[in-house]
file input_21.txt (compact mmCIF, C-alpha atoms)
# COMPACT_ATOMS: atom_id res chain seq x y z
CA MET R 1 -23.57 17.19 4.99
CA ASN R 2 -22.90 18.16 1.39
CA ARG R 3 -21.93 16.00 -1.55
CA ARG R 4 -18.29 17.08 -1.46
CA GLN R 5 -17.89 15.82 2.09
CA PHE R 6 -19.65 12.51 1.73
CA LEU R 7 -20.81 10.46 -1.21
CA THR R 8 -22.73 7.20 -1.15
CA SER R 9 -22.58 5.07 -4.28
CA ALA R 10 -25.93 4.96 -5.99
CA ALA R 11 -25.33 1.30 -6.55
CA ILE R 12 -25.02 0.39 -2.88
CA ALA R 13 -28.60 -0.67 -2.45
CA SER R 14 -28.48 -2.96 -5.45
CA LEU R 15 -25.00 -4.40 -4.99
CA ALA R 16 -24.73 -8.08 -5.75
CA ALA R 17 -23.02 -10.36 -3.29
CA PRO R 18 -19.23 -10.37 -3.67
CA THR R 19 -17.83 -12.84 -6.17
CA LEU R 20 -16.21 -15.91 -4.61
CA LEU R 21 -13.56 -17.69 -6.66
CA ARG R 22 -10.58 -19.95 -6.21
CA GLY R 23 -7.39 -19.33 -8.14
CA ALA R 24 -6.37 -22.28 -10.30
CA ARG R 25 -3.05 -22.91 -8.60
CA ALA R 26 -4.28 -21.82 -5.21
CA GLN R 27 -7.05 -24.41 -5.29
CA GLN R 28 -4.52 -27.19 -5.71
CA GLU R 29 -2.09 -25.94 -3.10
CA SER R 30 -4.34 -24.76 -0.29
CA PRO R 31 -7.96 -24.02 0.57
CA PHE R 32 -7.42 -20.26 0.30
CA LYS R 33 -10.51 -18.41 -0.91
CA VAL R 34 -10.49 -15.42 -3.24
CA LYS R 35 -13.30 -12.84 -3.14
CA TYR R 36 -13.87 -9.78 -5.32
CA TYR R 37 -15.84 -6.68 -4.35
CA PRO R 38 -16.94 -4.29 -7.14
CA VAL R 39 -16.71 -0.59 -6.36
CA ALA R 40 -17.47 2.59 -8.31
CA ALA R 41 -16.77 2.44 -12.04
CA GLY R 42 -13.75 4.41 -13.18
CA MET R 43 -12.49 5.23 -9.70
CA GLY R 44 -9.15 3.42 -10.04
CA SER R 45 -9.37 1.58 -6.74
CA ARG R 46 -5.82 1.25 -5.50
CA ASP R 47 -4.09 1.22 -2.08
CA VAL R 48 -6.09 -0.35 0.74
CA THR R 49 -5.93 -0.74 4.51
CA PRO R 50 -8.13 -2.55 7.05
CA ALA R 51 -9.80 -0.65 9.88
CA PRO R 52 -10.30 -1.85 13.47
CA ASP R 53 -14.08 -2.12 12.94
CA GLY R 54 -13.68 -4.69 10.13
CA SER R 55 -14.16 -2.28 7.24
CA ILE R 56 -11.64 -1.64 4.47
CA TRP R 57 -10.55 1.84 3.40
CA PHE R 58 -9.40 2.28 -0.20
CA CYS R 59 -8.21 5.09 -2.44
CA GLY R 60 -10.04 6.19 -5.58
CA GLN R 61 -7.18 7.87 -7.39
CA ARG R 62 -9.19 8.72 -10.51
CA ASN R 63 -12.29 10.17 -8.86
CA GLY R 64 -10.64 11.88 -5.88
CA THR R 65 -12.33 9.84 -3.17
CA LEU R 66 -11.57 7.65 -0.20
CA GLY R 67 -13.81 4.61 -0.02
CA ARG R 68 -14.96 2.52 2.92
CA LEU R 69 -16.07 -1.03 2.17
CA ASP R 70 -18.18 -3.21 4.44
CA PRO R 71 -17.06 -6.75 3.54
CA ARG R 72 -20.14 -8.26 5.20
CA ASP R 73 -22.47 -7.17 2.40
CA GLY R 74 -20.21 -5.50 -0.19
CA SER R 75 -21.66 -2.04 0.37
CA TYR R 76 -19.35 0.96 0.30
CA LYS R 77 -19.35 4.71 0.82
CA LEU R 78 -17.14 7.31 -0.83
CA THR R 79 -15.79 10.50 0.70
CA ASP R 80 -14.83 13.31 -1.67
CA LEU R 81 -11.36 14.55 -0.66
CA GLY R 82 -11.63 17.90 -2.45
CA LYS R 83 -11.13 19.63 -5.77
CA GLY R 84 -8.47 17.97 -7.88
CA ALA R 85 -7.89 15.17 -5.38
CA ALA R 86 -5.89 12.11 -6.47
CA PRO R 87 -5.23 9.95 -3.39
CA HIS R 88 -2.41 7.43 -3.54
CA GLY R 89 -1.89 5.65 -0.20
CA VAL R 90 -3.95 5.17 2.95
CA ILE R 91 -3.05 3.88 6.42
CA ILE R 92 -4.81 3.83 9.79
CA GLY R 93 -3.35 6.15 12.40
CA PRO R 94 -3.04 5.68 16.15
CA ASP R 95 -6.27 7.69 16.38
CA GLY R 96 -8.16 5.07 14.38
CA ALA R 97 -8.64 7.41 11.42
CA PRO R 98 -7.48 6.85 7.83
CA TRP R 99 -4.62 9.11 6.75
CA VAL R 100 -4.05 9.64 3.04
CA THR R 101 -1.15 10.78 0.86
CA GLU R 102 -3.23 13.12 -1.29
CA GLY R 103 -1.15 13.83 -4.37
CA GLY R 104 -3.75 15.90 -6.18
CA GLN R 105 -3.81 18.59 -3.52
CA ASN R 106 -0.17 18.13 -2.46
CA ALA R 107 -1.38 17.45 1.06
CA ILE R 108 -1.85 14.85 3.75
CA ALA R 109 -5.55 14.17 4.36
CA ARG R 110 -7.16 12.84 7.51
CA VAL R 111 -10.71 11.52 7.24
CA ASP R 112 -12.74 11.26 10.42
CA PRO R 113 -14.10 7.69 10.59
CA THR R 114 -17.33 8.87 12.24
CA ASP R 115 -18.52 11.90 10.27
CA HIS R 116 -16.07 11.60 7.32
CA LYS R 117 -14.89 15.18 7.72
CA VAL R 118 -11.72 15.80 5.71
CA THR R 119 -8.81 17.70 7.25
CA LEU R 120 -5.94 18.70 4.94
CA PHE R 121 -2.34 19.32 5.96
CA LYS R 122 -0.81 21.10 2.97
CA LEU R 123 2.86 20.71 2.13
CA PRO R 124 4.79 24.01 2.25
CA GLU R 125 4.95 25.82 -1.08
CA SER R 126 8.74 25.60 -0.96
CA ALA R 127 8.45 21.80 -1.31
CA GLY R 128 6.94 22.10 -4.77
CA TYR R 129 4.82 19.33 -6.23
CA ALA R 130 5.79 16.17 -4.30
CA ASN R 131 3.88 13.43 -6.15
CA LEU R 132 2.98 12.01 -2.73
CA ASN R 133 3.09 8.26 -2.41
CA THR R 134 3.27 6.23 0.82
CA ALA R 135 3.33 6.80 4.57
CA VAL R 136 3.82 5.17 7.98
CA PHE R 137 3.44 6.20 11.59
CA ASP R 138 6.47 5.83 13.84
CA ARG R 139 6.29 4.70 17.47
CA ASN R 140 5.86 8.31 18.64
CA GLY R 141 2.80 8.85 16.46
CA VAL R 142 4.65 10.95 13.88
CA TYR R 143 3.50 10.49 10.29
CA TRP R 144 6.29 9.95 7.73
CA PHE R 145 5.63 10.15 3.98
CA THR R 146 7.34 9.93 0.61
CA GLY R 147 7.02 11.81 -2.66
CA GLN R 148 8.33 10.51 -5.97
CA SER R 149 9.52 13.97 -6.99
CA GLY R 150 12.45 13.42 -4.63
CA ILE R 151 11.23 14.23 -1.14
CA TYR R 152 10.21 12.59 2.09
CA GLY R 153 8.78 14.27 5.14
CA ARG R 154 7.16 14.09 8.54
CA LEU R 155 4.01 15.50 10.09
CA ASP R 156 3.32 15.67 13.81
CA PRO R 157 -0.48 15.36 14.13
CA LYS R 158 -0.37 16.83 17.65
CA THR R 159 1.10 20.14 16.55
CA SER R 160 0.48 20.08 12.75
CA ASP R 161 4.19 20.77 12.35
CA MET R 162 5.48 19.49 9.00
CA GLN R 163 9.01 19.14 7.67
CA VAL R 164 10.02 18.14 4.15
CA PHE R 165 13.47 16.75 3.28
CA LYS R 166 15.19 16.26 -0.05
CA ALA R 167 15.93 12.62 -0.80
CA PRO R 168 19.71 12.03 -1.01
CA ARG R 169 19.61 10.84 -4.63
CA GLY R 170 16.77 12.89 -5.98
CA ARG R 171 13.53 11.59 -7.45
CA GLY R 172 12.06 8.16 -6.75
CA ALA R 173 11.06 7.93 -3.06
CA TYR R 174 8.17 5.48 -3.09
CA GLY R 175 7.24 2.69 -0.65
CA MET R 176 7.74 3.03 3.11
CA THR R 177 7.78 0.81 6.18
CA VAL R 178 8.38 0.86 9.92
CA THR R 179 10.09 -2.04 11.70
CA PRO R 180 9.05 -3.59 15.04
CA THR R 181 11.85 -1.62 16.74
CA GLY R 182 10.61 1.64 15.23
CA ASP R 183 13.06 2.22 12.38
CA VAL R 184 11.61 3.92 9.29
CA TRP R 185 12.79 2.95 5.80
CA TYR R 186 11.74 3.88 2.28
CA ALA R 187 12.36 2.43 -1.17
CA SER R 188 13.35 4.53 -4.18
CA LEU R 189 12.00 3.31 -7.50
CA ALA R 190 13.93 5.70 -9.72
CA GLY R 191 16.95 5.68 -7.39
CA ASN R 192 17.24 1.87 -7.23
CA HIS R 193 17.92 1.74 -3.50
CA ILE R 194 16.40 1.64 -0.04
CA ALA R 195 17.17 4.13 2.71
CA LYS R 196 16.91 4.39 6.49
CA ILE R 197 15.73 7.66 8.01
CA ASP R 198 17.25 9.05 11.19
CA LEU R 199 14.10 10.06 13.06
CA ALA R 200 15.83 12.79 15.04
CA SER R 201 17.70 14.60 12.26
CA GLY R 202 15.59 13.49 9.29
CA ASN R 203 18.70 12.45 7.38
CA ALA R 204 18.45 9.35 5.16
CA THR R 205 21.20 6.75 4.71
CA VAL R 206 21.19 4.89 1.40
CA VAL R 207 21.57 1.09 1.29
CA GLU R 208 22.31 -0.51 -2.08
CA PRO R 209 20.56 -3.74 -3.12
CA PRO R 210 22.88 -6.22 -4.86
CA THR R 211 20.87 -6.28 -8.12
CA PRO R 212 21.73 -3.27 -10.30
CA ASN R 213 18.89 -1.08 -11.58
CA GLN R 214 16.38 -3.30 -9.82
CA GLY R 215 13.69 -0.63 -9.33
CA ALA R 216 13.04 -1.01 -5.60
CA ARG R 217 9.40 0.01 -5.48
CA ARG R 218 7.79 -1.01 -2.19
CA ILE R 219 9.18 -2.18 1.14
CA TRP R 220 7.67 -3.95 4.16
CA SER R 221 9.17 -5.19 7.42
CA ASP R 222 8.45 -8.62 8.85
CA SER R 223 8.19 -9.40 12.56
CA LYS R 224 11.96 -9.93 12.79
CA GLY R 225 12.83 -6.55 11.28
CA ARG R 226 13.91 -8.02 7.96
CA LEU R 227 13.01 -5.79 5.02
CA TRP R 228 11.19 -7.23 2.01
CA VAL R 229 11.47 -5.24 -1.21
CA SER R 230 9.46 -5.52 -4.43
CA GLU R 231 11.79 -4.94 -7.38
CA TRP R 232 9.83 -3.61 -10.34
CA ASN R 233 12.56 -3.76 -12.97
CA SER R 234 14.15 -7.09 -12.02
CA GLY R 235 10.95 -8.99 -11.18
CA ASN R 236 12.51 -10.07 -7.89
CA VAL R 237 11.42 -9.98 -4.30
CA SER R 238 14.49 -9.32 -2.19
CA MET R 239 15.12 -9.44 1.55
CA HIS R 240 17.58 -7.28 3.46
CA ASN R 241 18.49 -8.04 7.05
CA PRO R 242 19.80 -4.81 8.64
CA ALA R 243 21.11 -6.82 11.60
CA ASP R 244 23.91 -8.37 9.54
CA GLY R 245 23.73 -6.43 6.28
CA SER R 246 22.83 -9.52 4.23
CA TRP R 247 20.65 -9.70 1.12
CA LYS R 248 18.75 -12.50 -0.61
CA ALA R 249 16.63 -12.34 -3.76
CA TRP R 250 14.10 -14.58 -5.48
CA LYS R 251 12.71 -14.22 -8.99
CA LEU R 252 8.92 -14.40 -9.20
CA PRO R 253 7.53 -17.22 -11.35
CA GLY R 254 6.71 -16.67 -15.02
CA ASP R 255 8.45 -15.27 -18.06
CA SER R 256 8.32 -11.54 -17.38
CA PRO R 257 7.42 -10.75 -13.74
CA ARG R 258 6.91 -7.11 -12.76
CA THR R 259 6.87 -7.02 -8.98
CA TYR R 260 4.80 -4.02 -7.92
CA SER R 261 3.95 -4.21 -4.22
CA VAL R 262 4.89 -6.21 -1.14
CA TYR R 263 3.02 -6.90 2.10
CA VAL R 264 4.09 -9.22 4.95
CA ASP R 265 1.27 -10.82 6.93
CA ASP R 266 1.06 -11.74 10.61
CA LYS R 267 2.67 -15.13 9.94
CA ASP R 268 5.59 -13.57 8.05
CA LYS R 269 4.34 -14.83 4.69
CA VAL R 270 5.16 -12.41 1.90
CA TRP R 271 2.45 -11.21 -0.50
CA LEU R 272 3.38 -9.57 -3.79
CA THR R 273 1.57 -8.21 -6.81
CA ASP R 274 2.86 -9.11 -10.26
CA PHE R 275 1.66 -6.93 -13.12
CA GLY R 276 3.37 -9.24 -15.63
CA ALA R 277 1.35 -12.26 -14.55
CA ASN R 278 -1.82 -10.28 -13.64
CA ALA R 279 -1.68 -12.00 -10.27
CA ILE R 280 -1.20 -11.79 -6.56
CA VAL R 281 1.70 -13.98 -5.49
CA ARG R 282 2.37 -15.46 -2.04
CA PHE R 283 5.95 -16.33 -1.05
CA ASP R 284 6.79 -18.60 1.87
CA PRO R 285 10.26 -17.67 3.17
CA VAL R 286 10.55 -21.01 4.98
CA THR R 287 9.99 -23.25 1.94
CA GLU R 288 11.03 -20.58 -0.59
CA LYS R 289 8.00 -21.49 -2.70
CA PHE R 290 5.56 -19.25 -4.53
CA SER R 291 1.79 -19.62 -4.89
CA SER R 292 0.03 -17.61 -7.60
CA PHE R 293 -3.51 -16.20 -7.52
CA PRO R 294 -4.25 -14.81 -11.01
CA SER R 295 -7.14 -12.40 -11.40
CA ASP R 296 -10.20 -13.60 -13.29
CA ARG R 297 -10.12 -10.37 -15.33
CA PRO R 298 -7.32 -8.95 -17.49
CA GLY R 299 -5.40 -5.86 -16.47
CA ALA R 300 -6.20 -6.09 -12.75
CA ASN R 301 -3.10 -4.10 -11.72
CA VAL R 302 -3.33 -4.72 -7.98
CA ARG R 303 -1.62 -1.88 -6.12
CA GLN R 304 -0.35 -1.82 -2.54
CA MET R 305 -1.71 -4.69 -0.47
CA ASP R 306 -2.43 -4.78 3.26
CA GLY R 307 -4.28 -7.13 5.52
CA ARG R 308 -5.15 -8.54 8.91
CA PRO R 309 -4.88 -12.04 10.40
CA GLY R 310 -6.32 -14.49 7.89
CA GLU R 311 -6.89 -11.94 5.12
CA ALA R 312 -4.70 -10.32 2.45
CA TRP R 313 -6.38 -7.37 0.68
CA GLY R 314 -5.62 -5.47 -2.50
CA GLY R 315 -7.19 -3.00 -4.91
CA GLU R 316 -7.55 -3.91 -8.57
CA SER R 317 -7.01 -0.46 -10.03
CA GLY R 318 -7.68 -1.71 -13.56
CA THR R 319 -11.05 -3.35 -12.84
CA ASN R 320 -12.45 -1.13 -10.07
CA ARG R 321 -12.67 -3.96 -7.58
CA LEU R 322 -11.18 -4.91 -4.24
CA VAL R 323 -9.84 -8.42 -3.77
CA VAL R 324 -9.25 -10.43 -0.62
CA ILE R 325 -7.51 -13.76 -0.25
CA GLN R 326 -8.67 -15.55 2.87
CA THR R 327 -6.06 -17.84 4.35
CA VAL R 328 -8.66 -20.16 5.80
CA GLY R 329 -6.38 -23.20 5.85
CA PRO R 330 -3.07 -23.75 7.66
CA ALA R 331 -0.69 -20.98 6.68
call {"tool": "encode", "arguments": {"input": "input_21.txt", "output": "structure tokens"}}
result
Amino acid sequence: MNRRQFLTSAAIASLAAPTLLRGARAQQESPFKVKYYPVAAGMGSRDVTPAPDGSIWFCGQRNGTLGRLDPRDGSYKLTDLGKGAAPHGVIIGPDGAPWVTEGGQNAIARVDPTDHKVTLFKLPESAGYANLNTAVFDRNGVYWFTGQSGIYGRLDPKTSDMQVFKAPRGRGAYGMTVTPTGDVWYASLAGNHIAKIDLASGNATVVEPPTPNQGARRIWSDSKGRLWVSEWNSGNVSMHNPADGSWKAWKLPGDSPRTYSVYVDDKDKVWLTDFGANAIVRFDPVTEKFSSFPSDRPGANVRQMDGRPGEAWGGESGTNRLVVIQTVGPA
């Protein structure tokens, strides 16, 4: 196996135990525990996703790698995705493998979880540079993805067939989610809207949030099919219920919130990242209260979060660390 296929950090053997901290406000409000895991310097650790075996996959956008962290001891391994790689998002597919929106090579990458072999599915040349962003799998195992240049698309892993569609309002297609009933939605940052994709035709129907120029960046469905949207420009988290067409919005705490990402956990608690406050923020839709977990380092810039029962994970792209908040108390 050559270096381009599989890299192991030279620091793995000497890694210190992960840092365990408690956020100032979090300590008062709940017994949640915050842990930090250092990864390779300069890699720009960003979007994360948990794997069935307990490991965490994470993108190294600046060094063109996909990382795999073992939270038990803090060790990690890096897989080189290829020349010019700049991975953005990662999710686990029905096959148990991580699938990556690989913007540097204008391709979708699959990394085998056993031997770390990288398989690339290149976008057609007619699509141009997509600035690939986020993806989800639908209930039929089809992989849907967005590109900020103004496209979204689908890839059938069984046949390798790929189709790319032009977003109805041009550039901006960003975050993506799938609901419990199988509907696929995306958020458009530059287009200030969310949209539902017809899975048969590929057509997208725009839905307007009530806040003008809000900068809908990421989107995540809860267990009831309600859509939670992080609004970058407004500093809100908003909720759209497609069942009745209603919207609600809440401003994040602080003077100048910049709501980057959103993730809804297994208990329908909403996790957000706030670049303005340098913090992860938890929102309880029942009490409508926020809890803030500021980073212990400046400029953390936590990107897209993900998690599993009892754990909310994120990548501090500005500090080259992963962070997990363990919901060890009643949630």
call {"tool": "closest_residue", "arguments": {"input": "input_21.txt", "among": "R:Ser55, R:Ser256, R:Ser223, R:Asn106", "to": "R:Asn236", "atoms": "all atoms listed in the file"}}
result
R:Ser256
call {"tool": "atom_distance", "arguments": {"input": "input_21.txt", "atom1": "atom CA of R:Lys117", "atom2": "atom CA of R:Gly60"}}
result
16.8 Å
call {"tool": "closest_residue", "arguments": {"input": "input_21.txt", "among": "R:Thr119, R:Ser295, R:Ser261, R:Asn192", "to": "R:Arg218", "atoms": "all atoms listed in the file"}}
result
R:Ser261
call {"tool": "residues_near_point", "arguments": {"input": "input_21.txt", "point": "(0.3, 7.4, 4.1)", "cutoff": "12 Å", "atoms": "all atoms listed in the file", "output": "PyMOL selection string"}}
result
chain R and resi 47-49+58-59+87-93+97-103+107-110+132-138+142-147+152-155+174-178+304
call {"tool": "write_last_selection", "arguments": {"input": "input_21.txt", "atoms": "C-alpha atoms", "output": "compact mmCIF listing (two decimals), keeping the file's coordinate frame"}}
result
# COMPACT_ATOMS: atom_id res chain seq x y z
CA ASP R 47 -4.09 1.22 -2.08
CA VAL R 48 -6.09 -0.35 0.74
CA THR R 49 -5.93 -0.74 4.51
CA PHE R 58 -9.40 2.28 -0.20
CA CYS R 59 -8.21 5.09 -2.44
CA PRO R 87 -5.23 9.95 -3.39
CA HIS R 88 -2.41 7.43 -3.54
CA GLY R 89 -1.89 5.65 -0.20
CA VAL R 90 -3.95 5.17 2.95
CA ILE R 91 -3.05 3.88 6.42
CA ILE R 92 -4.81 3.83 9.79
CA GLY R 93 -3.35 6.15 12.40
CA ALA R 97 -8.64 7.41 11.42
CA PRO R 98 -7.48 6.85 7.83
CA TRP R 99 -4.62 9.11 6.75
CA VAL R 100 -4.05 9.64 3.04
CA THR R 101 -1.15 10.78 0.86
CA GLU R 102 -3.23 13.12 -1.29
CA GLY R 103 -1.15 13.83 -4.37
CA ALA R 107 -1.38 17.45 1.06
CA ILE R 108 -1.85 14.85 3.75
CA ALA R 109 -5.55 14.17 4.36
CA ARG R 110 -7.16 12.84 7.51
CA LEU R 132 2.98 12.01 -2.73
CA ASN R 133 3.09 8.26 -2.41
CA THR R 134 3.27 6.23 0.82
CA ALA R 135 3.33 6.80 4.57
CA VAL R 136 3.82 5.17 7.98
CA PHE R 137 3.44 6.20 11.59
CA ASP R 138 6.47 5.83 13.84
CA VAL R 142 4.65 10.95 13.88
CA TYR R 143 3.50 10.49 10.29
CA TRP R 144 6.29 9.95 7.73
CA PHE R 145 5.63 10.15 3.98
CA THR R 146 7.34 9.93 0.61
CA GLY R 147 7.02 11.81 -2.66
CA TYR R 152 10.21 12.59 2.09
CA GLY R 153 8.78 14.27 5.14
CA ARG R 154 7.16 14.09 8.54
CA LEU R 155 4.01 15.50 10.09
CA TYR R 174 8.17 5.48 -3.09
CA GLY R 175 7.24 2.69 -0.65
CA MET R 176 7.74 3.03 3.11
CA THR R 177 7.78 0.81 6.18
CA VAL R 178 8.38 0.86 9.92
CA GLN R 304 -0.35 -1.82 -2.54
call {"tool": "closest_residue", "arguments": {"input": "input_21.txt", "among": "R:Pro180, R:Gly104, R:Pro298, R:Gly202", "to": "R:Phe165", "atoms": "all atoms listed in the file"}}
result
R:Gly202
call {"tool": "closest_residue", "arguments": {"input": "input_21.txt", "among": "R:Trp247, R:Gln163, R:Leu66, R:Ile151", "to": "R:Ala200", "atoms": "all atoms listed in the file"}}
result
R:Gln163
call {"tool": "closest_residue", "arguments": {"input": "input_21.txt", "among": "R:Trp57, R:Tyr260, R:Trp250, R:Trp271", "to": "R:Glu311", "atoms": "all atoms listed in the file"}}
result
R:Trp271
